[in-house]
2 protein chains.
Amino acid sequence: MNVIDESGILAIATRLQRLSDQLRKDGVLIYKANGIDFEPKWFPVIYTLHLRSVLSVVEIASEIGYTHPSTISLLKELEKVKLIRSKKDKADERKRLIQLTAKGQELIEQMKPVWDVMIAALTELTTTQNNLLLAISEVEEQMKRLSMFERAKRIGLTS
Amino acid sequence: MNVIDESGILAIATRLQRLSDQLRKDGVLIYKANGIDFEPKWFPVIYTLHLRSVLSVVEIASEIGYTHPSTISLLKELEKVKLIRSKKDKADERKRLIQLTAKGQELIEQMKPVWDVMIAALTELTTTQNNLLLAISEVEEQMKRLSMFERAKRIGLTS
DNA sequence: ATGATATATGTAGTTAACTACGTAGTTTTG
DNA sequence: CAAAACTACGTAGTTAACTACATATATCAT
């Protein structure tokens, strides 16, 4: 047991990140082992377009919870590998409408069984006494009510 | 509710990271509001040296669970702001021994009450039906036994 | 005692997110 | 209906971690 694990809740941000990284790396391995050329970081965009079919850049950004510049750089990659395409919105010339290509849709069909395996593996991993996914949702809910910063202010100091 | 939250466990890495980022940002705000010039990313190193007093670069890296190049760049910053200092190990010339400066120790004393507030705020946030900190530990334990990749291989596909 | 191996540190370059800022088109308002 | 404010998108630069590689010292096996 190392210092970070011992330091308790103070290092929780570090531990969340470490766990996220490990899962993402295993995600890469699993896609690769199944002969699928796909990066986990693309998942939020692709999955969103799978469900919603046509969206603008900012709509995607808001759905996946990233900033729009981050989203733009993901979209550039995805357009380069021809998983998505985009066209100007005729009704509002500021907007660029994004959708999956046929190749993108085919890839999703290929990935679905792999996703099922991932879901099973992740479910195994996280079905413990305290369920991680539920814990995340609960904490997000708590933060929506009152952020960590607001709570800290209420509790004390802020000299 | 957005697509990522709806997509369930598949996007768990994304949600872990998002949560970590939010907590870290609030950490910055709390330090700042209390007049303390400290970045949350420094916490693992500083806290480790607080507990162990003299360590080499690789020992610190291993304690905080980072690679040694990441650790070196943190140490460079910390040395620049004079919170730590380092000297060659006379017994083993390859090693650089790191320790807190007086300024570093004073800063820790200043931070301790802020850490208490943070602990209280974080405990509030995470004391829900499924405890986040315990959930993390449990999942880490599960992964130590068998990684997500190994579980996925056992479950199926890997054509 | 020396050649092979291992360990400790350092450097360079990459990555995947971010913030700050700029521009073009749309909507609102006085 | 023109000016102001807002919205959508894009670019540039930053950050905080990483991997891959290089070098110096130490240890071990013959």
# chains A, B, ... in the order shown; residues from 1 in each chain; ligands from 1
call {"tool": "residues_around", "arguments": {"residues": "Leu55 of chain A", "least_positions_apart": "6", "cutoff": "7 Å", "atoms": "only C-alpha atoms (C1' of nucleotides)", "output": "ChimeraX atom specification"}}
result
/A:97-99
call {"tool": "closest_atom_pairs", "arguments": {"of": "chain D", "to": "segment 9-26 of chain C", "cutoff": "12 Å", "atoms": "only C-alpha atoms (C1' of nucleotides)", "output": "CSV"}}
result
residue,atom,partner,partner_atom,distance
D:DA5,C1',C:DT26,C1',10.4
D:DC6,C1',C:DT26,C1',8.1
D:DT7,C1',C:DT26,C1',7.5
D:DA8,C1',C:DG25,C1',8.4
D:DC9,C1',C:DA24,C1',8.8
D:DG10,C1',C:DT23,C1',8.5
D:DT11,C1',C:DG22,C1',8.4
D:DA12,C1',C:DC21,C1',8.7
D:DG13,C1',C:DA20,C1',8.9
D:DT14,C1',C:DC18,C1',7.7
D:DT15,C1',C:DC18,C1',7.4
D:DA16,C1',C:DA17,C1',9.4
D:DA17,C1',C:DT15,C1',8.6
D:DC18,C1',C:DT15,C1',7.5
D:DT19,C1',C:DT14,C1',8.0
D:DA20,C1',C:DG13,C1',8.9
D:DC21,C1',C:DA12,C1',8.5
D:DA22,C1',C:DT11,C1',7.9
D:DT23,C1',C:DG10,C1',8.1
D:DA24,C1',C:DT9,C1',8.4
D:DT25,C1',C:DT9,C1',10.2
call {"tool": "write_last_selection", "arguments": {"atoms": "N, CA and C atoms (P, O5', C5', C4', C3', O3' and C1' of nucleotides)", "output": "short mmCIF file (atom, residue, chain, number, x, y, z; two decimals), in the first residue's frame"}}
result
data_model
loop_
_atom_site.label_atom_id
_atom_site.label_comp_id
_atom_site.auth_asym_id
_atom_site.auth_seq_id
_atom_site.Cartn_x
_atom_site.Cartn_y
_atom_site.Cartn_z
P DA D 5 -24.02 45.61 -25.74
"O5'" DA D 5 -24.57 44.13 -25.98
"C5'" DA D 5 -25.96 43.89 -25.78
"C4'" DA D 5 -26.25 42.45 -26.15
"C3'" DA D 5 -25.28 41.45 -25.51
"O3'" DA D 5 -26.07 40.45 -24.92
"C1'" DA D 5 -25.42 41.09 -27.84
P DC D 6 -25.47 39.23 -24.11
"O5'" DC D 6 -25.65 38.05 -25.16
"C5'" DC D 6 -26.94 37.84 -25.72
"C4'" DC D 6 -26.81 36.82 -26.83
"C3'" DC D 6 -26.04 35.56 -26.41
"O3'" DC D 6 -26.90 34.49 -26.69
"C1'" DC D 6 -25.28 36.36 -28.51
P DT D 7 -26.59 32.98 -26.20
"O5'" DT D 7 -26.12 32.31 -27.57
"C5'" DT D 7 -27.01 32.27 -28.68
"C4'" DT D 7 -26.28 31.66 -29.84
"C3'" DT D 7 -25.53 30.40 -29.49
"O3'" DT D 7 -26.00 29.41 -30.39
"C1'" DT D 7 -24.13 31.89 -30.67
P DA D 8 -25.44 27.92 -30.42
"O5'" DA D 8 -24.33 28.03 -31.55
"C5'" DA D 8 -24.72 28.11 -32.91
"C4'" DA D 8 -23.49 27.90 -33.76
"C3'" DA D 8 -22.67 26.67 -33.37
"O3'" DA D 8 -22.50 25.89 -34.55
"C1'" DA D 8 -21.29 28.61 -33.44
P DC D 9 -21.64 24.54 -34.53
"O5'" DC D 9 -20.18 25.06 -34.87
"C5'" DC D 9 -19.98 25.69 -36.14
"C4'" DC D 9 -18.61 26.32 -36.17
"C3'" DC D 9 -17.47 25.35 -35.94
"O3'" DC D 9 -16.88 25.10 -37.22
"C1'" DC D 9 -17.12 27.45 -34.87
P DG D 10 -15.63 24.12 -37.38
"O5'" DG D 10 -14.39 25.08 -37.08
"C5'" DG D 10 -14.16 26.19 -37.94
"C4'" DG D 10 -12.97 26.97 -37.41
"C3'" DG D 10 -11.76 26.09 -37.09
"O3'" DG D 10 -10.70 26.46 -37.95
"C1'" DG D 10 -12.20 27.64 -35.34
P DT D 11 -9.29 25.74 -37.93
"O5'" DT D 11 -8.38 26.69 -37.04
"C5'" DT D 11 -8.38 28.10 -37.29
"C4'" DT D 11 -7.39 28.76 -36.35
"C3'" DT D 11 -6.11 27.96 -36.13
"O3'" DT D 11 -5.04 28.89 -36.19
"C1'" DT D 11 -7.14 28.41 -34.04
P DA D 12 -3.51 28.38 -36.12
"O5'" DA D 12 -3.09 28.85 -34.66
"C5'" DA D 12 -3.52 30.13 -34.19
"C4'" DA D 12 -2.92 30.36 -32.81
"C3'" DA D 12 -1.61 29.61 -32.58
"O3'" DA D 12 -0.75 30.46 -31.83
"C1'" DA D 12 -3.21 28.90 -31.00
P DG D 13 0.74 29.99 -31.44
"O5'" DG D 13 0.59 29.67 -29.89
"C5'" DG D 13 -0.03 30.63 -29.03
"C4'" DG D 13 -0.29 29.99 -27.69
"C3'" DG D 13 0.90 29.17 -27.16
"O3'" DG D 13 1.06 29.48 -25.79
"C1'" DG D 13 -1.04 27.88 -27.14
P DT D 14 2.22 28.77 -24.90
"O5'" DT D 14 1.35 27.98 -23.82
"C5'" DT D 14 0.24 28.66 -23.19
"C4'" DT D 14 -0.42 27.69 -22.23
"C3'" DT D 14 0.55 26.90 -21.36
"O3'" DT D 14 0.10 26.98 -20.02
"C1'" DT D 14 -0.93 25.43 -22.45
P DT D 15 0.97 26.35 -18.83
"O5'" DT D 15 0.27 24.94 -18.57
"C5'" DT D 15 -1.13 24.87 -18.49
"C4'" DT D 15 -1.53 23.45 -18.18
"C3'" DT D 15 -0.53 22.68 -17.30
"O3'" DT D 15 -1.30 21.93 -16.40
"C1'" DT D 15 -0.91 21.50 -19.30
P DA D 16 -0.78 21.68 -14.93
"O5'" DA D 16 -0.84 20.11 -14.84
"C5'" DA D 16 -2.04 19.43 -15.16
"C4'" DA D 16 -1.68 18.02 -15.55
"C3'" DA D 16 -0.53 17.43 -14.74
"O3'" DA D 16 -0.86 16.08 -14.45
"C1'" DA D 16 -0.05 17.26 -17.01
P DA D 17 -0.07 15.36 -13.27
"O5'" DA D 17 0.56 14.08 -13.97
"C5'" DA D 17 -0.09 12.90 -14.14
"C4'" DA D 17 -0.14 12.46 -15.58
"C3'" DA D 17 0.96 11.52 -16.08
"O3'" DA D 17 0.77 10.22 -15.59
"C1'" DA D 17 0.32 13.02 -17.77
P DC D 18 1.90 9.11 -15.59
"O5'" DC D 18 2.09 8.75 -17.15
"C5'" DC D 18 1.01 8.17 -17.87
"C4'" DC D 18 1.33 8.15 -19.36
"C3'" DC D 18 2.58 7.37 -19.71
"O3'" DC D 18 2.21 6.04 -20.00
"C1'" DC D 18 2.59 9.48 -20.82
P DT D 19 3.42 4.91 -20.04
"O5'" DT D 19 4.10 5.09 -21.47
"C5'" DT D 19 3.32 5.09 -22.67
"C4'" DT D 19 4.27 5.22 -23.85
"C3'" DT D 19 5.39 4.17 -23.85
"O3'" DT D 19 5.61 3.77 -25.21
"C1'" DT D 19 6.33 6.35 -23.78
P DA D 20 6.65 2.58 -25.52
"O5'" DA D 20 7.94 3.36 -26.08
"C5'" DA D 20 7.76 4.50 -26.91
"C4'" DA D 20 9.12 5.03 -27.28
"C3'" DA D 20 10.24 3.99 -27.26
"O3'" DA D 20 11.12 4.28 -28.32
"C1'" DA D 20 10.76 5.71 -25.75
P DC D 21 12.36 3.29 -28.66
"O5'" DC D 21 13.59 4.14 -28.12
"C5'" DC D 21 13.75 5.49 -28.63
"C4'" DC D 21 14.72 6.23 -27.77
"C3'" DC D 21 16.07 5.51 -27.60
"O3'" DC D 21 17.08 6.40 -28.04
"C1'" DC D 21 15.28 6.38 -25.56
P DA D 22 18.63 5.92 -28.13
"O5'" DA D 22 19.27 6.74 -26.92
"C5'" DA D 22 19.18 8.17 -26.91
"C4'" DA D 22 19.93 8.67 -25.69
"C3'" DA D 22 21.31 8.02 -25.51
"O3'" DA D 22 22.23 9.06 -25.22
"C1'" DA D 22 20.00 7.79 -23.54
P DT D 23 23.78 8.72 -25.10
"O5'" DT D 23 24.01 8.76 -23.52
"C5'" DT D 23 23.71 9.97 -22.82
"C4'" DT D 23 23.93 9.72 -21.35
"C3'" DT D 23 25.26 9.05 -21.02
"O3'" DT D 23 25.84 9.78 -19.95
"C1'" DT D 23 23.51 7.90 -20.00
P DA D 24 27.43 9.64 -19.63
"O5'" DA D 24 27.39 9.37 -18.07
"C5'" DA D 24 26.51 10.14 -17.24
"C4'" DA D 24 26.26 9.35 -15.98
"C3'" DA D 24 27.52 8.67 -15.42
"O3'" DA D 24 27.55 8.94 -14.03
"C1'" DA D 24 25.80 7.10 -15.66
P DT D 25 28.91 8.75 -13.22
"O5'" DT D 25 28.54 7.55 -12.24
"C5'" DT D 25 27.44 7.74 -11.35
"C4'" DT D 25 26.94 6.38 -10.96
"C3'" DT D 25 27.96 5.49 -10.24
"O3'" DT D 25 27.54 5.42 -8.89
"C1'" DT D 25 26.60 4.28 -11.78
#
call {"tool": "atom_distance", "arguments": {"atom1": "atom CA of Ile60 of chain B", "atom2": "atom CA of Ile12 of chain B"}}
result
28.9 Å
call {"tool": "closest_residue", "arguments": {"among": "A:Val28, A:Leu16, A:Ala33, A:Leu74", "to": "chain C", "atoms": "only C-alpha atoms (C1' of nucleotides)"}}
result
A:Leu74
call {"tool": "closest_atom_pairs", "arguments": {"of": "chain B", "to": "chain C", "cutoff": "10 Å", "atoms": "only C-alpha atoms (C1' of nucleotides)", "output": "CSV"}}
result
residue,atom,partner,partner_atom,distance
B:Asp21,CA,C:DA17,C1',10.0
B:Ser56,CA,C:DA8,C1',8.8
B:Val57,CA,C:DT9,C1',7.8
B:Val58,CA,C:DA8,C1',7.2
B:His68,CA,C:DT9,C1',8.5
B:Pro69,CA,C:DG10,C1',8.0
B:Ile72,CA,C:DG10,C1',8.4
B:Asp92,CA,C:DA8,C1',9.4
B:Glu93,CA,C:DA8,C1',9.0
B:Arg94,CA,C:DA8,C1',5.3
B:Lys95,CA,C:DA8,C1',5.8
B:Arg96,CA,C:DT9,C1',8.1
call {"tool": "write_last_selection", "arguments": {"atoms": "N, CA and C atoms", "output": "short mmCIF file (atom, residue, chain, number, x, y, z; two decimals), in the first residue's frame"}}
result
data_model
loop_
_atom_site.label_atom_id
_atom_site.label_comp_id
_atom_site.auth_asym_id
_atom_site.auth_seq_id
_atom_site.Cartn_x
_atom_site.Cartn_y
_atom_site.Cartn_z
N ASP B 21 -11.40 15.74 -12.68
CA ASP B 21 -11.11 17.12 -13.11
C ASP B 21 -11.89 18.14 -12.29
N SER B 56 14.37 9.00 -2.75
CA SER B 56 14.94 9.21 -4.09
C SER B 56 13.80 9.46 -5.08
N VAL B 57 14.18 9.86 -6.28
CA VAL B 57 13.20 10.16 -7.33
C VAL B 57 12.30 8.96 -7.61
N VAL B 58 12.91 7.81 -7.80
CA VAL B 58 12.13 6.63 -8.16
C VAL B 58 11.26 6.16 -7.00
N HIS B 68 8.51 7.85 -13.59
CA HIS B 68 9.55 8.72 -13.05
C HIS B 68 9.72 10.01 -13.85
N PRO B 69 9.52 10.01 -15.19
CA PRO B 69 9.62 11.31 -15.87
C PRO B 69 8.56 12.32 -15.39
N ILE B 72 9.81 13.57 -12.13
CA ILE B 72 10.90 14.53 -12.28
C ILE B 72 10.37 15.92 -12.63
N ASP B 92 25.31 6.11 -2.99
CA ASP B 92 24.99 5.64 -4.34
C ASP B 92 24.84 6.86 -5.25
N GLU B 93 25.88 7.08 -6.02
CA GLU B 93 25.97 8.33 -6.79
C GLU B 93 24.90 8.47 -7.87
N ARG B 94 24.19 7.40 -8.16
CA ARG B 94 23.12 7.52 -9.16
C ARG B 94 21.92 8.24 -8.58
N LYS B 95 21.78 8.14 -7.28
CA LYS B 95 20.54 8.61 -6.64
C LYS B 95 20.57 10.09 -6.26
N ARG B 96 19.40 10.70 -6.36
CA ARG B 96 19.22 12.07 -5.90
C ARG B 96 18.22 11.98 -4.76
#
call {"tool": "select_by_dssp", "arguments": {"residues": "segment 21-89 of chain B", "states": "helix (DSSP H, G or I)", "output": "MDAnalysis selection string"}}
result
chainID B and resid 21:33 40:52 57:64 68:80
call {"tool": "write_last_selection", "arguments": {"atoms": "N, CA and C atoms", "output": "compact mmCIF listing (two decimals), in the first residue's frame"}}
result
# COMPACT_ATOMS: atom_id res chain seq x y z
N ASP B 21 -11.40 15.74 -12.68
CA ASP B 21 -11.11 17.12 -13.11
C ASP B 21 -11.89 18.14 -12.29
N GLN B 22 -13.17 17.86 -12.08
CA GLN B 22 -14.00 18.81 -11.33
C GLN B 22 -13.50 18.97 -9.91
N LEU B 23 -13.16 17.84 -9.30
CA LEU B 23 -12.68 17.92 -7.92
C LEU B 23 -11.37 18.69 -7.87
N ARG B 24 -10.49 18.43 -8.85
CA ARG B 24 -9.20 19.11 -8.85
C ARG B 24 -9.38 20.62 -9.04
N LYS B 25 -10.30 21.00 -9.91
CA LYS B 25 -10.55 22.43 -10.12
C LYS B 25 -11.06 23.09 -8.84
N ASP B 26 -11.95 22.40 -8.15
CA ASP B 26 -12.44 22.95 -6.89
C ASP B 26 -11.31 23.03 -5.87
N GLY B 27 -10.40 22.06 -5.92
CA GLY B 27 -9.22 22.11 -5.06
C GLY B 27 -8.43 23.39 -5.27
N VAL B 28 -8.19 23.72 -6.53
CA VAL B 28 -7.47 24.96 -6.85
C VAL B 28 -8.19 26.15 -6.22
N LEU B 29 -9.51 26.20 -6.40
CA LEU B 29 -10.29 27.32 -5.87
C LEU B 29 -10.18 27.42 -4.36
N ILE B 30 -10.22 26.27 -3.70
CA ILE B 30 -10.19 26.28 -2.23
C ILE B 30 -8.83 26.76 -1.72
N TYR B 31 -7.74 26.25 -2.32
CA TYR B 31 -6.42 26.75 -1.93
C TYR B 31 -6.36 28.26 -2.13
N LYS B 32 -6.80 28.69 -3.30
CA LYS B 32 -6.71 30.11 -3.63
C LYS B 32 -7.53 30.95 -2.65
N ALA B 33 -8.76 30.50 -2.37
CA ALA B 33 -9.64 31.26 -1.47
C ALA B 33 -9.04 31.36 -0.07
N PRO B 40 -2.96 21.44 -6.72
CA PRO B 40 -3.35 20.10 -6.31
C PRO B 40 -2.45 19.00 -6.88
N LYS B 41 -1.91 19.22 -8.07
CA LYS B 41 -1.07 18.16 -8.65
C LYS B 41 0.20 17.95 -7.83
N TRP B 42 0.58 18.94 -7.02
CA TRP B 42 1.76 18.79 -6.17
C TRP B 42 1.47 17.92 -4.95
N PHE B 43 0.19 17.75 -4.63
CA PHE B 43 -0.17 17.09 -3.38
C PHE B 43 0.51 15.74 -3.17
N PRO B 44 0.43 14.83 -4.17
CA PRO B 44 1.02 13.51 -3.91
C PRO B 44 2.49 13.57 -3.49
N VAL B 45 3.28 14.37 -4.19
CA VAL B 45 4.70 14.47 -3.85
C VAL B 45 4.90 15.06 -2.45
N ILE B 46 4.25 16.19 -2.22
CA ILE B 46 4.42 16.89 -0.94
C ILE B 46 3.96 16.02 0.23
N TYR B 47 2.83 15.39 0.04
CA TYR B 47 2.29 14.56 1.12
C TYR B 47 3.21 13.37 1.38
N THR B 48 3.74 12.80 0.32
CA THR B 48 4.68 11.68 0.47
C THR B 48 5.92 12.10 1.25
N LEU B 49 6.47 13.26 0.89
CA LEU B 49 7.68 13.73 1.59
C LEU B 49 7.36 14.12 3.03
N HIS B 50 6.14 14.56 3.26
CA HIS B 50 5.70 14.88 4.61
C HIS B 50 5.73 13.63 5.49
N LEU B 51 5.35 12.50 4.91
CA LEU B 51 5.31 11.26 5.68
C LEU B 51 6.66 10.54 5.74
N ARG B 52 7.45 10.66 4.67
CA ARG B 52 8.65 9.83 4.59
C ARG B 52 9.97 10.61 4.67
N VAL B 57 14.18 9.86 -6.28
CA VAL B 57 13.20 10.16 -7.33
C VAL B 57 12.30 8.96 -7.61
N VAL B 58 12.91 7.81 -7.80
CA VAL B 58 12.13 6.63 -8.16
C VAL B 58 11.26 6.16 -7.00
N GLU B 59 11.77 6.33 -5.78
CA GLU B 59 10.94 5.96 -4.63
C GLU B 59 9.68 6.82 -4.57
N ILE B 60 9.85 8.12 -4.82
CA ILE B 60 8.68 8.99 -4.84
C ILE B 60 7.72 8.57 -5.95
N ALA B 61 8.28 8.37 -7.15
CA ALA B 61 7.44 7.96 -8.28
C ALA B 61 6.62 6.73 -7.93
N SER B 62 7.28 5.78 -7.30
CA SER B 62 6.57 4.55 -6.98
C SER B 62 5.51 4.78 -5.90
N GLU B 63 5.81 5.62 -4.93
CA GLU B 63 4.82 5.93 -3.88
C GLU B 63 3.57 6.59 -4.46
N ILE B 64 3.79 7.54 -5.37
CA ILE B 64 2.63 8.28 -5.88
C ILE B 64 2.00 7.61 -7.10
N HIS B 68 8.51 7.85 -13.59
CA HIS B 68 9.55 8.72 -13.05
C HIS B 68 9.72 10.01 -13.85
N PRO B 69 9.52 10.01 -15.19
CA PRO B 69 9.62 11.31 -15.87
C PRO B 69 8.56 12.32 -15.39
N SER B 70 7.35 11.84 -15.17
CA SER B 70 6.31 12.74 -14.64
C SER B 70 6.76 13.28 -13.28
N THR B 71 7.30 12.39 -12.48
CA THR B 71 7.74 12.78 -11.14
C THR B 71 8.86 13.82 -11.23
N ILE B 72 9.81 13.57 -12.13
CA ILE B 72 10.90 14.53 -12.28
C ILE B 72 10.37 15.92 -12.63
N SER B 73 9.35 15.98 -13.49
CA SER B 73 8.89 17.31 -13.87
C SER B 73 8.16 17.99 -12.71
N LEU B 74 7.46 17.20 -11.89
CA LEU B 74 6.86 17.77 -10.68
C LEU B 74 7.96 18.27 -9.74
N LEU B 75 9.00 17.47 -9.59
CA LEU B 75 10.09 17.83 -8.68
C LEU B 75 10.78 19.11 -9.15
N LYS B 76 10.92 19.26 -10.46
CA LYS B 76 11.52 20.49 -10.99
C LYS B 76 10.72 21.71 -10.58
N GLU B 77 9.40 21.63 -10.73
CA GLU B 77 8.54 22.75 -10.34
C GLU B 77 8.67 23.05 -8.86
N LEU B 78 8.65 21.98 -8.08
CA LEU B 78 8.68 22.15 -6.63
C LEU B 78 10.02 22.71 -6.16
N GLU B 79 11.07 22.35 -6.88
CA GLU B 79 12.39 22.87 -6.53
C GLU B 79 12.45 24.36 -6.89
N LYS B 80 11.83 24.69 -8.00
CA LYS B 80 11.81 26.08 -8.47
C LYS B 80 11.12 26.99 -7.45
call {"tool": "atom_distance", "arguments": {"atom1": "atom CA of Val117 of chain B", "atom2": "atom CA of Ala152 of chain A"}}
result
5.9 Å
call {"tool": "interface_residues", "arguments": {"of": "chain B", "to": "chain A", "cutoff": "7 Å", "atoms": "only C-alpha atoms", "output": "number ranges by chain"}}
result
B: 2-4, 9-10, 13, 16-17, 20, 23-24, 26, 29-30, 33-34, 44, 48, 63-64, 117-119, 121-122, 125-126, 128, 130-136, 138-139, 142-143, 148-149, 151-152, 155-159
call {"tool": "select_by_dssp", "arguments": {"residues": "segment 13-125 of chain A", "states": "strand (DSSP E or B)", "output": "JSON, numbers by chain"}}
result
{"A": [55, 56, 84, 85, 86, 87, 88, 96, 97, 98, 99, 100]}
call {"tool": "atom_distance", "arguments": {"atom1": "atom CA of Ile108 of chain B", "atom2": "atom CA of Lys90 of chain B"}}
result
28.2 Å
call {"tool": "closest_residue", "arguments": {"among": "B:Val54, B:Ile84, B:Ala91, B:Ile36", "to": "chain D", "atoms": "only C-alpha atoms (C1' of nucleotides)"}}
result
B:Ala91
